[in-house]
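J.: Just dropping this structure here.
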Protein chains: 2
Amino acid sequence: MRKKAVLLLSGGLDSATVLAIAKAAGYEVYALSFLYGQRHLGEIACAEKLTEKYGIAEHKIAKIDLTLFQGSALTSNLPVPKHLSAEEIGKDIPVTYVPARNTIFLSFALAYAESIGARDIFIGVNSLDYSGYPDCRPEFIAAFENMANLATAMTGQGEKIKIHTPLINLTKAEIIKRGIALGVDYAMTASCYDPAGRKACGACDACLLRQKGFLENNMRDPAL
Amino acid sequence: MRKKAVLLLSGGLDSATVLAIAKAAGYEVYALSFLYGQRHLGEIACAEKLTEKYGIAEHKIAKIDLTLFQGSALTSNLPVPKHLSAEEIGKDIPVTYVPARNTIFLSFALAYAESIGARDIFIGVNSLDYSGYPDCRPEFIAAFENMANLATAMTGQGEKIKIHTPLINLTKAEIIKRGIALGVDYAMTASCYDPAGRKACGACDACLLRQKGFLENNMRDPAL
């Protein structure tokens with residue numbers, strides 16, 4: 001029997017790559033996406049397309065309302081910063097940061113894993129070409145894994161939860177290279193923080209990091 | 001200015017006591033409750049009565065659907081165990097355990113705290129007279145606090161999140177004694193896992209632990 005894994009799937013470039021990596025490693029994938037009040041809802045449609053293409057075991061979409069807690073441009077009408085330079089992106093924690101979002105997403109992934117008997121959780125965080133969110137860093141992931149191993153009923157039985165972060169030390173260009181090698185169709189992904197009816201704004205951090213990654217692979221972004 | 005605290009308020013005996021403790025300690029309380037698919041919905045009405053009585057700053061109710069992840073008697077039609085002996089309660093992890101529930105609740109509390117600039121989170125877990133849930137133990141709380149201090153934007157500024165668990169080493173009788181001294185009206189609380197239209201079944205772990213606690217204080221449970 002193949003090993004089960006829970007995968008956090010936003011529908012963006014990173015999580016699509018992680019899906020391909022988990023599948024290539026032989027896992028039976030249980031994908032989890034969130035409707036959390038994000039303005040960039042198009043990513044959920046991408047998540048659904050990706051799960052169809054990759055033939056996963058199950059796809060759950062959890063509805064949680066993170067607009068309850070104010071402060072992020074991703075869940076409100078605050079303007080999304082545009083046209084930052086490569087040096088500016090990730091320098092300070094930006095207004096697109098959603099308080100405790102990855103902590104909440106991983107907590108749901110932990111509940112999902114426990115309910116299906118999975119011990120492996122995949123998340124597409126990376127800490128090089130990123131927006132500077134604190135909950136994407138390796139030390140956060142390590143602390144979450146440590147906590148998870150004290151949180152659940154299964155851990156009394158000597159089993160260990162493992163949080164897999166295969167992208168954490170890769171640049172965006174390296175992530176894309178890896179995904180291309182695994183046959184990921186990046187036309188099926190969406191990364192933009194502020195699509196506003198278009199496919200992508202082309203100017204937010206997520207768009208700029210993505211463009212740079214494709215450029216460094218001498219490619220055009222197929223999602224544009 | 002008074003210090004802000006986020007308090008997880010189920011509407012049960014324990015969290016009502018913690019509310020009184022946080023108020024007595026001078027905190028400005030921001031209460032957070034959950035509609036998570038629990039069968040014992042009456043506790044939310046109790047939470048609302050308690051917040052009215054205690055004059056808190058704000059009460060948020062987050063809707064999350066933990067029935068997505070199967071396996072618990074609290075979020076399904078599985079029978080709730082009844083009439084266990086004092087030795088049996090808490091010996092094994094029971095079917096009323098909800099996978100990763102306190103991890104999820106604390107994650108939302110962390111998001112709430114970050115969004116209002118609070119550094120203090122109160123939760124009414126206890127690890128003596130309890131149902132044996134792994135996410136009520138001191139080692140879990142310590143690991144969550146450690147993770148929380150790597151998860152958020154504010155922690156880069158030298159500030160620390162503190163998870164307060166004032167009941168963690170108290171028996172149910174001691175919790176009730178403490179609450180009575182602080183003027184808690186336990187008639188306004190609900191603890192039963194399986195009320196089914198009544199106030200309480202009188203036979204689930206939560207009811208039995210509660211009855212024992214009042215008996216040891218030579219009192220009758222005012223909620224019955």
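Residues are named by chain letter and number: chains run A, B, ... in the order of the structure tokens, numbers start at 1 in each chain, and ligands are numbered from 1 in the order shown.
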Mind listing as a PyMOL selection string which residues of chain B are within 9 Å of chain A, counting only C-alpha atoms?
T.: chain B and resi 60-66+68-72+93+97-108+110-116+133-137+139-153+155-156
J.: Those same residues, written as a short mmCIF file (atom, residue, chain, number, x, y, z; two decimals), in the first residue's frame with N, CA and C atoms?
T.:
```cif
data_model
loop_
_atom_site.label_atom_id
_atom_site.label_comp_id
_atom_site.auth_asym_id
_atom_site.auth_seq_id
_atom_site.Cartn_x
_atom_site.Cartn_y
_atom_site.Cartn_z
N LYS B 60 -15.53 37.19 19.15
CA LYS B 60 -15.61 36.72 17.78
C LYS B 60 -15.97 35.23 17.78
N ILE B 61 -16.81 34.86 16.84
CA ILE B 61 -17.17 33.44 16.68
C ILE B 61 -16.72 33.01 15.29
N ALA B 62 -15.75 32.12 15.24
CA ALA B 62 -15.21 31.66 13.95
C ALA B 62 -15.94 30.39 13.53
N LYS B 63 -16.36 30.38 12.27
CA LYS B 63 -16.99 29.17 11.74
C LYS B 63 -15.95 28.35 11.00
N ILE B 64 -15.72 27.15 11.47
CA ILE B 64 -14.80 26.25 10.77
C ILE B 64 -15.47 24.88 10.77
N ASP B 65 -15.24 24.11 9.76
CA ASP B 65 -15.97 22.86 9.64
C ASP B 65 -15.07 21.67 9.90
N LEU B 66 -14.98 21.27 11.17
CA LEU B 66 -14.11 20.14 11.49
C LEU B 66 -14.77 18.80 11.18
N LEU B 68 -15.20 18.00 8.30
CA LEU B 68 -14.40 17.62 7.12
C LEU B 68 -13.52 16.41 7.41
N PHE B 69 -13.02 16.37 8.64
CA PHE B 69 -12.08 15.33 9.03
C PHE B 69 -12.80 14.39 9.99
N GLN B 70 -13.03 13.19 9.56
CA GLN B 70 -13.87 12.28 10.33
C GLN B 70 -13.15 11.68 11.52
N GLY B 71 -13.94 11.09 12.39
CA GLY B 71 -13.35 10.25 13.43
C GLY B 71 -13.74 10.60 14.85
N SER B 72 -14.37 11.77 15.09
CA SER B 72 -14.68 12.12 16.47
C SER B 72 -16.18 12.03 16.76
N ILE B 93 -7.04 7.64 24.95
CA ILE B 93 -7.62 8.78 24.23
C ILE B 93 -8.98 8.35 23.70
N TYR B 97 -12.26 12.69 21.25
CA TYR B 97 -11.12 13.49 20.82
C TYR B 97 -11.33 13.98 19.38
N VAL B 98 -11.15 15.27 19.15
CA VAL B 98 -11.26 15.84 17.80
C VAL B 98 -9.85 16.10 17.29
N PRO B 99 -9.46 15.45 16.16
CA PRO B 99 -8.08 15.59 15.69
C PRO B 99 -7.60 17.04 15.62
N ALA B 100 -6.51 17.30 16.32
CA ALA B 100 -5.80 18.58 16.26
C ALA B 100 -6.66 19.79 16.64
N ARG B 101 -7.73 19.56 17.42
CA ARG B 101 -8.64 20.67 17.70
C ARG B 101 -7.97 21.84 18.44
N ASN B 102 -7.23 21.55 19.51
CA ASN B 102 -6.61 22.66 20.23
C ASN B 102 -5.51 23.33 19.41
N THR B 103 -4.84 22.57 18.53
CA THR B 103 -3.86 23.18 17.63
C THR B 103 -4.55 24.19 16.73
N ILE B 104 -5.69 23.79 16.18
CA ILE B 104 -6.45 24.70 15.31
C ILE B 104 -6.98 25.90 16.10
N PHE B 105 -7.56 25.65 17.26
CA PHE B 105 -8.11 26.75 18.07
C PHE B 105 -7.00 27.75 18.45
N LEU B 106 -5.87 27.23 18.88
CA LEU B 106 -4.77 28.12 19.28
C LEU B 106 -4.20 28.87 18.08
N SER B 107 -4.23 28.24 16.90
CA SER B 107 -3.73 28.92 15.69
C SER B 107 -4.60 30.13 15.36
N PHE B 108 -5.90 29.96 15.48
CA PHE B 108 -6.81 31.09 15.26
C PHE B 108 -6.60 32.15 16.35
N LEU B 110 -3.89 32.81 17.80
CA LEU B 110 -2.63 33.48 17.45
C LEU B 110 -2.88 34.54 16.36
N ALA B 111 -3.67 34.18 15.35
CA ALA B 111 -4.01 35.15 14.30
C ALA B 111 -4.75 36.35 14.90
N TYR B 112 -5.68 36.07 15.79
CA TYR B 112 -6.47 37.13 16.44
C TYR B 112 -5.53 38.03 17.26
N ALA B 113 -4.66 37.39 18.05
CA ALA B 113 -3.72 38.15 18.88
C ALA B 113 -2.85 39.06 18.02
N GLU B 114 -2.34 38.50 16.94
CA GLU B 114 -1.46 39.31 16.09
C GLU B 114 -2.22 40.49 15.49
N SER B 115 -3.47 40.25 15.10
CA SER B 115 -4.22 41.31 14.42
C SER B 115 -4.60 42.46 15.35
N ILE B 116 -4.69 42.20 16.66
CA ILE B 116 -5.05 43.28 17.60
C ILE B 116 -3.86 43.72 18.45
N TYR B 133 -7.06 13.94 26.38
CA TYR B 133 -6.69 14.46 25.06
C TYR B 133 -5.21 14.90 25.05
N PRO B 134 -4.45 14.49 24.02
CA PRO B 134 -3.03 14.84 24.00
C PRO B 134 -2.78 16.34 23.95
N ASP B 135 -3.71 17.08 23.31
CA ASP B 135 -3.48 18.52 23.15
C ASP B 135 -3.98 19.34 24.34
N CYS B 136 -4.04 18.70 25.51
CA CYS B 136 -4.31 19.42 26.76
C CYS B 136 -3.10 19.37 27.70
N ARG B 137 -2.01 18.71 27.27
CA ARG B 137 -0.89 18.48 28.17
C ARG B 137 0.11 19.65 28.16
N GLU B 139 3.28 19.78 27.89
CA GLU B 139 4.34 19.72 26.87
C GLU B 139 3.84 20.16 25.51
N PHE B 140 2.56 19.91 25.22
CA PHE B 140 1.97 20.41 23.97
C PHE B 140 1.89 21.93 24.01
N ILE B 141 1.41 22.48 25.10
CA ILE B 141 1.27 23.95 25.21
C ILE B 141 2.64 24.63 25.06
N ALA B 142 3.65 24.07 25.71
CA ALA B 142 5.00 24.65 25.62
C ALA B 142 5.51 24.64 24.18
N ALA B 143 5.25 23.54 23.47
CA ALA B 143 5.70 23.43 22.07
C ALA B 143 4.92 24.39 21.18
N PHE B 144 3.64 24.58 21.48
CA PHE B 144 2.86 25.53 20.68
C PHE B 144 3.38 26.95 20.90
N GLU B 145 3.66 27.29 22.14
CA GLU B 145 4.17 28.64 22.44
C GLU B 145 5.49 28.89 21.72
N ASN B 146 6.36 27.90 21.74
CA ASN B 146 7.64 28.01 21.04
C ASN B 146 7.43 28.25 19.55
N MET B 147 6.53 27.47 18.94
CA MET B 147 6.21 27.63 17.52
C MET B 147 5.61 29.00 17.25
N ALA B 148 4.70 29.43 18.11
CA ALA B 148 4.02 30.72 17.92
C ALA B 148 5.02 31.87 17.89
N ASN B 149 6.09 31.72 18.65
CA ASN B 149 7.09 32.78 18.70
C ASN B 149 8.01 32.80 17.49
N LEU B 150 7.82 31.86 16.57
CA LEU B 150 8.54 31.89 15.30
C LEU B 150 7.59 32.14 14.14
N ALA B 151 6.28 32.22 14.43
CA ALA B 151 5.27 32.20 13.36
C ALA B 151 4.82 33.57 12.90
N THR B 152 5.03 34.58 13.71
CA THR B 152 4.31 35.83 13.43
C THR B 152 5.25 37.00 13.15
N ALA B 153 4.64 38.04 12.58
CA ALA B 153 5.41 39.23 12.22
C ALA B 153 5.93 39.96 13.45
N THR B 155 7.05 38.84 16.24
CA THR B 155 8.09 38.23 17.05
C THR B 155 9.48 38.66 16.60
N GLY B 156 9.59 39.23 15.41
CA GLY B 156 10.87 39.80 15.00
C GLY B 156 11.23 41.03 15.82
#
```
J.: Show me, as a Markdown table, the residues of segment 62-174 of chain A having an atom within 9 Å of segment 10-30 of chain A, each with the closest atom pair and its distance in Å, using only C-alpha atoms.
T.:
```
| residue | atom | partner | partner_atom | distance |
| --- | --- | --- | --- | --- |
| A:Tyr112 | CA | A:Tyr30 | CA | 8.6 |
| A:Ala113 | CA | A:Tyr30 | CA | 8.7 |
| A:Phe122 | CA | A:Val18 | CA | 7.2 |
| A:Ile123 | CA | A:Ser15 | CA | 6.9 |
| A:Gly124 | CA | A:Ser15 | CA | 4.9 |
| A:Val125 | CA | A:Asp14 | CA | 7.4 |
| A:Asn126 | CA | A:Asp14 | CA | 8.3 |
| A:Thr165 | CA | A:Val18 | CA | 8.3 |
| A:Pro166 | CA | A:Val18 | CA | 7.0 |
| A:Leu167 | CA | A:Val18 | CA | 7.5 |
| A:Lys172 | CA | A:Asp14 | CA | 8.5 |
```
J.: Just checking: using only C-alpha atoms, which residue out of A:Ser33, A:Asn77, A:Asn169, A:Gln211 ends up closest to Cys192 of chain A?
T.: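 The answer is A:Gln211, which sits nearest to Cys192 of chain A.
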J.: Mind listing the strand (DSSP E or B) residues of chain A, per DSSP on the backbone, as a ChimeraX atom specification?
T.: /A:4-8,28-35,58-63,120-122,162-164
J.: Using only C-alpha atoms for the distances, tell me which of B:Lys49, B:Lys82, B:Lys160, B:Lys3 is nearest to Tyr186 of chain B.
T.: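 Looking at the shortest contact to Tyr186 of chain B, the residue is B:Lys49.
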J.: For a quick check of understanding, using only C-alpha atoms, which of A:Gly37, A:Asp194, A:Leu8, A:Ala73 has the smallest distance to His59 of chain A?
T.: A:Leu8
J.: List as an NGL selection string the protein and nucleic acid residues near Leu215 of chain A, meaning an atom at most 12 Å away when only C-alpha atoms are counted, but skip any in the same chain fewer than 5 places from it.
T.: :A and (172-174 or 176-177 or 208-210 or 220-222)
J.: Step one, run DSSP on the backbone; step two, keep only residues of segment 96-167 of chain A assigned to helix (DSSP H, G or I); then write them as a PyMOL selection string.
T.: chain A and resi 101-116+134-136+138-151+153-157
J.: To one decimal place in Å, what is the distance between atom CA of Asp129 of chain B and atom CA of Ser85 of chain B?
T.: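 Atom CA of Ser85 of chain B lies at a distance of 12.3 Å from atom CA of Asp129 of chain B.
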J.: Could you tell me which of A:Ala31, A:Ala187, A:Asp205, A:Ile161 comes closest to Glu87 of chain A if we count only C-alpha atoms?
T.: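 Nearest to Glu87 of chain A: A:Asp205.
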J.: What is the distance between atom CA of Thr96 of chain B and atom CA of Ala200 of chain B, in Å to one decimal?
T.: 15.7 Å
J.: How many Å separate atom CA of Thr189 of chain B from atom CA of Cys46 of chain B?
T.: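 Distance between the two atoms: 5.4 Å.
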J.: Compile the contact shell of Arg198 of chain B as a list in words: residues with an atom at most 12 Å away, counting only C-alpha atoms, same-chain residues fewer than 2 positions apart removed.
T.: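 Listed by chain and then number, they are His40, Leu41, Gly42, Ala190, Ser191, Cys192, Tyr193, Asp194, Pro195, Ala196, Ala200, Cys201, Gly202, Ala223 and Leu224 of chain B.
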J.: Quick one: write out the picked residues with N, CA and C atoms as an mmCIF file, in the first residue's frame?
T.:
```cif
data_model
loop_
_atom_site.group_PDB
_atom_site.id
_atom_site.type_symbol
_atom_site.label_atom_id
_atom_site.label_comp_id
_atom_site.auth_asym_id
_atom_site.auth_seq_id
_atom_site.Cartn_x
_atom_site.Cartn_y
_atom_site.Cartn_z
ATOM 1 N N HIS B 40 -22.736 19.623 20.518
ATOM 2 C CA HIS B 40 -23.146 20.306 21.748
ATOM 3 C C HIS B 40 -23.091 21.820 21.527
ATOM 4 N N LEU B 41 -24.018 22.292 20.664
ATOM 5 C CA LEU B 41 -24.023 23.693 20.270
ATOM 6 C C LEU B 41 -24.421 24.640 21.395
ATOM 7 N N GLY B 42 -25.075 24.093 22.416
ATOM 8 C CA GLY B 42 -25.530 24.928 23.528
ATOM 9 C C GLY B 42 -24.391 25.701 24.168
ATOM 10 N N ALA B 190 -21.909 25.295 30.101
ATOM 11 C CA ALA B 190 -22.349 23.978 29.618
ATOM 12 C C ALA B 190 -21.119 23.156 29.262
ATOM 13 N N SER B 191 -21.075 21.933 29.733
ATOM 14 C CA SER B 191 -19.903 21.094 29.502
ATOM 15 C C SER B 191 -20.222 19.792 28.781
ATOM 16 N N CYS B 192 -21.481 19.386 28.772
ATOM 17 C CA CYS B 192 -21.865 18.054 28.285
ATOM 18 C C CYS B 192 -21.485 17.837 26.819
ATOM 19 N N TYR B 193 -20.947 16.639 26.530
ATOM 20 C CA TYR B 193 -20.591 16.269 25.156
ATOM 21 C C TYR B 193 -21.809 15.848 24.336
ATOM 22 N N ASP B 194 -22.905 15.501 25.021
ATOM 23 C CA ASP B 194 -24.032 14.872 24.318
ATOM 24 C C ASP B 194 -25.369 15.322 24.897
ATOM 25 N N PRO B 195 -25.638 16.635 24.879
ATOM 26 C CA PRO B 195 -26.854 17.125 25.543
ATOM 27 C C PRO B 195 -28.146 16.639 24.876
ATOM 28 N N ALA B 196 -28.154 16.513 23.540
ATOM 29 C CA ALA B 196 -29.333 15.985 22.822
ATOM 30 C C ALA B 196 -30.635 16.615 23.293
ATOM 31 N N ALA B 200 -27.878 18.563 29.993
ATOM 32 C CA ALA B 200 -26.688 17.715 30.078
ATOM 33 C C ALA B 200 -27.134 16.270 30.207
ATOM 34 N N CYS B 201 -26.319 15.336 29.692
ATOM 35 C CA CYS B 201 -26.702 13.919 29.749
ATOM 36 C C CYS B 201 -26.432 13.324 31.123
ATOM 37 N N GLY B 202 -25.478 13.934 31.858
ATOM 38 C CA GLY B 202 -25.167 13.437 33.192
ATOM 39 C C GLY B 202 -24.288 12.208 33.227
ATOM 40 N N ALA B 223 -25.914 24.055 36.949
ATOM 41 C CA ALA B 223 -26.382 24.015 35.561
ATOM 42 C C ALA B 223 -27.356 22.866 35.325
ATOM 43 N N LEU B 224 -27.513 21.991 36.321
ATOM 44 C CA LEU B 224 -28.416 20.829 36.124
ATOM 45 C C LEU B 224 -29.835 21.131 36.609
#
```
